[in-house]
Structures are given as structure tokens and as C-alpha cells.
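Colleague: Please find one structure pasted underneath; my questions will follow.
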Amino acid sequence: LWELNFAQIKDFAEALFKDRDMVYVNIIDIYGKALATNIRPNLAQGKWGFFEQSPRFMARSYPIRYMGNDVGTMQLAISKEGIHQELQARLLWITILMLCLMIAISLTSIAITRHYILLPLATVVESATAIADGNVNVSLHTHLALKHRNDEIGILTQVFQRMVTYLSEMATVATQISTGDLRQTIAPLSERDVLGLAFHRMTNYLKRLATAATAMAGGDLQQDIQVEMEHDVLGNAFHKMALQLREDFEKIRQEVAERRRAQEAVQKLNAEL
């Protein structure tokens with residue numbers, strides 16, 4: 001441009017004007033003489049001051065220098081409408097991609113939950129239903145306990161199997177008593193009734209766990225499961241589950257906060273543009 005070759009300057013201005021968002025191109029020399037001017041027909045009456053003051057356009061002036069001296073000025077004005085449309089289109093695609101990603105994650109989570117939690121729990125519920133019907137001669141599937149040996153499902157399976165064994169033993173004792181075998185000692189129903197007190201404590205204990213589990217299922221993750229003793233397997237399992245759920249919820253909250261900050265940043269950028 002500093003050579004002030006009129007043909008090259010005109011070609012340069014026309015090349016800039018190929019951009020559909022460019023509405024005004026004006027190249028002038030140091031004396032203010034226009035060397036090349038291009039303007040959209042619908043804005044033919046507009047002057048440089050109009051584009052500088054109008055909020056619909058971004059107007060900038062760029063000096064043309066040669067060996068440290070100004071030899072001219074290039075004035076450009078771009079419509080913000082096209083930029084806004086492009087940003088909106090990109091935001092729309094980003095939103096669609098995020099929705100697709102969320103749907104994919106949700107479907108994957110549902111499949112994993114069904115395979116690793118719902119189906120094993122259905123087996124446990126089936127066994128628990130048999131026990132509730134009075135059938136203590138049930139046995140949880142061995143492969144279920146082996147497959148979920150180190151997670152809550154495996155621990156729950158082991159606990160149920162122990163409970164079934166205990167109930168079967170008690171049923172055997174009750175059967176012996178019902179047949180007249182009185183060698184078994186039955187504590188009286190009093191404050192020294194160890195078995196009755198144990199069942200009472202067990203009932204309160206299971207109710208407390210069920211209440212905590214129901215509260216956690218309802219979204220209250222602040223439940224603190226108090227472990228009865230060192231060998232309280234179920235209590236330890238629920239305690240670990242509560243801690244894990246709180247950690248997972250905190251991670252989700254942080255991800256949501258990060259996405260919200262990202263959205264605010266995009267909105268701020270859009271506002272600036």
C-alpha cells in the first residue's frame with residue numbers, strides 16, 4: 001500500500017470487500033484524498049463518522065507507514081450482525097453437542113447402573129422376599145458375591161447370606177424345640193432376654209440404616225452412619241457409600257459450576273462483541 005499504486009490499492013480494497021460482513025473500505029493518503037473507496041449500496045449515504053458512531057458496526061482506522069512515516073490511512077467498518085449470527089450458530093452447535101454428550105452419558109450411566117446395581121439388587125430382593133415369606137432355605141448366588149466381592153453389592157450379599165445362615169440355625173433350634181427337644185435354653189422375655197434385646201437392637205439398627213438410605217435416596221447426602229462396632233460390615237458399607245456419594249455429588253457440583261462459569265464467559269464475550 002505504501003507504494004501508492006492505485007491499481008493495487010483498488011484491488012486490495014475490492015479483496016477486502018469480498019467479506020460479506022465488510023460494509024466500508026476507504027484508503028486515503030496523508031492529504032485526505034481517497035485512493036479507493038468501497039461501500040455497500042444500502043449504506044451509500046453513510047460517511048466514516050456514521051460508522052464510527054453507530055453501534056451496528058465496528059469501525060477501525062489503520063495507519064499506512066513507510067520507513068517510519070505515515071503515508072496514508074485505511075478505514076474499515078464491519079457489520080456486527082454477521083458476527084452475532086456466527087456466534088449464535090456456534091453457540092447453537094455447542095449446545096447441541098453438549099446435549100448429545102449429556103444424553104450419551106445418561107444412557108451409559110443407566111446401562112452401567114442396570115448391569116452392576118439393579119440386576120444384583122434384584123437377586124438380593126428376590127432372596128429377601130423368600131426370607132420374608134418364611135423360607136430360610138435360600139442361598140444367594142455365589143457368583144454374585146464373587147463378582148461384587150469388593151463393592152457394596154458384594155458386602156450386602158455376604159451380609160444377607162450370613163443372615164440367612166443365622167435364621168436357618170434359629171429355625172433349626174425352633175424346630176428342635178417344637179419337636180420336644182428342650183435341651184435348648186430359652187431366655188425369658190425380660191430385661192435379661194438377650195435374644196429379644198438383640199432382635200430389638202437389630203430392628204432399630206436396620207431402621208436407622210433404612211432411614212439413612214431413604215434420606216440419601218431423597219437427596220440428603222449429609223447422613224452420617226454411625227458404625228456399631230469394628231465388625232459392623234453393613235454399617236461400614238453404608239458409611240463408605242455415603243462418603244462416596246458425597247464425593248461424587250461434590251464433583252458434579254464443581255463440574256456444573258465450571259460449565260456455568262464457561263457459559264457466563266461466553267455471554268460476556270458475546271456482550272463485548
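Every chain in the C-alpha cells takes a letter, A first, then B, and so on in the order presented; its residues are numbered from 1, and the ligands are numbered from 1 following the presented order.
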Which residues in stretch 67-135 of chain A does DSSP call helix (DSSP H, G or I)? List them as a VMD selection string.

Modeller: chain A and resid 80 to 132

Colleague: Can you pull out every residue within 7 Å of A:Thr73, counting only C-alpha atoms, but drop anything in the same chain fewer than 2 positions away, and send it as a PDB file with N, CA, C and O atoms, in the first residue's frame?

Modeller:
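Once written, part_20.pdb looks like this:
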ATOM      1  N   ILE A  27      -9.379   3.923   1.592  1.00  0.00           N
ATOM      2  CA  ILE A  27      -7.938   4.121   1.705  1.00  0.00           C
ATOM      3  C   ILE A  27      -7.629   5.524   1.221  1.00  0.00           C
ATOM      4  O   ILE A  27      -7.961   5.886   0.074  1.00  0.00           O
ATOM      5  N   ILE A  28      -7.035   6.333   2.104  1.00  0.00           N
ATOM      6  CA  ILE A  28      -6.746   7.739   1.794  1.00  0.00           C
ATOM      7  C   ILE A  28      -5.275   8.005   2.014  1.00  0.00           C
ATOM      8  O   ILE A  28      -4.592   7.297   2.760  1.00  0.00           O
ATOM      9  N   ASP A  29      -4.786   9.062   1.336  1.00  0.00           N
ATOM     10  CA  ASP A  29      -3.380   9.440   1.535  1.00  0.00           C
ATOM     11  C   ASP A  29      -3.286  10.427   2.686  1.00  0.00           C
ATOM     12  O   ASP A  29      -4.280  10.754   3.345  1.00  0.00           O
ATOM     13  N   SER A  61      -9.478   2.498  12.209  1.00  0.00           N
ATOM     14  CA  SER A  61      -8.561   3.141  11.273  1.00  0.00           C
ATOM     15  C   SER A  61      -7.160   2.587  11.497  1.00  0.00           C
ATOM     16  O   SER A  61      -6.718   2.431  12.650  1.00  0.00           O
ATOM     17  N   TYR A  62      -6.459   2.302  10.383  1.00  0.00           N
ATOM     18  CA  TYR A  62      -5.124   1.730  10.461  1.00  0.00           C
ATOM     19  C   TYR A  62      -4.164   2.600   9.646  1.00  0.00           C
ATOM     20  O   TYR A  62      -4.398   2.840   8.447  1.00  0.00           O
ATOM     21  N   PRO A  63      -3.089   3.091  10.260  1.00  0.00           N
ATOM     22  CA  PRO A  63      -2.143   3.920   9.512  1.00  0.00           C
ATOM     23  C   PRO A  63      -1.321   3.071   8.541  1.00  0.00           C
ATOM     24  O   PRO A  63      -1.009   1.924   8.814  1.00  0.00           O
ATOM     25  N   ILE A  64      -0.984   3.673   7.405  1.00  0.00           N
ATOM     26  CA  ILE A  64      -0.107   3.049   6.418  1.00  0.00           C
ATOM     27  C   ILE A  64       1.257   3.739   6.532  1.00  0.00           C
ATOM     28  O   ILE A  64       1.359   4.959   6.326  1.00  0.00           O
ATOM     29  N   GLN A  75      -9.365   2.851   6.411  1.00  0.00           N
ATOM     30  CA  GLN A  75     -10.544   2.859   7.269  1.00  0.00           C
ATOM     31  C   GLN A  75     -11.427   1.661   6.914  1.00  0.00           C
ATOM     32  O   GLN A  75     -11.783   1.475   5.751  1.00  0.00           O
TER      33      GLN A  75
END

Colleague: What's around stretch 44-60 of chain A at 12 Å? Count only C-alpha atoms, leave out sequence neighbours fewer than 4 positions away in its own chain, and write the answer as a ChimeraX atom specification.

Modeller: /A:21-28,34,37-40,73-84,272-273

Colleague: Would you mind telling me which residue in A:Ala13, A:Met98, A:Val233, A:Leu43 lies nearest to A:Arg259 when using only C-alpha atoms?

Modeller: A:Met98

Colleague: Let's see if you can do this: from backbone DSSP, list all strand (DSSP E) residues in stretch 19-136 of chain A, as a ChimeraX atom specification.

Modeller: /A:22-29,34-39,57-66,69-79

Colleague: Between A:Gln244, A:Ile96, A:Ala215, A:Phe160, which residue has the minimum interatomic distance to A:Thr129, considering only C-alpha atoms?

Modeller: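 Of the candidates, the smallest distance to A:Thr129 is held by A:Phe160.
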
Colleague: Work out how far atom CA of A:Val124 is from atom CA of A:Ile155, in Å to one decimal.

Modeller: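 Atom CA of A:Ile155 sits 11.3 Å away from atom CA of A:Val124.
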
Colleague: Would you mind reading off the distance between atom CA of A:Gln222 and atom CA of A:Glu250, one decimal, in Å?

Modeller: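 Going from atom CA of A:Gln222 over to atom CA of A:Glu250 covers 11.9 Å.
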
Colleague: Rank A:Ile153, A:Leu91, A:Ala130, A:Leu16 by their smallest atom-to-atom distance to A:Gln267, using only C-alpha atoms, and report the top residue only.

Modeller: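 With only C-alpha atoms as the atom set, the closest residue is A:Leu91.
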
Colleague: Between atom CA of A:Asn137 and atom CA of A:Gln161, what is the distance, to one decimal in Å?

Modeller: 10.6 Å
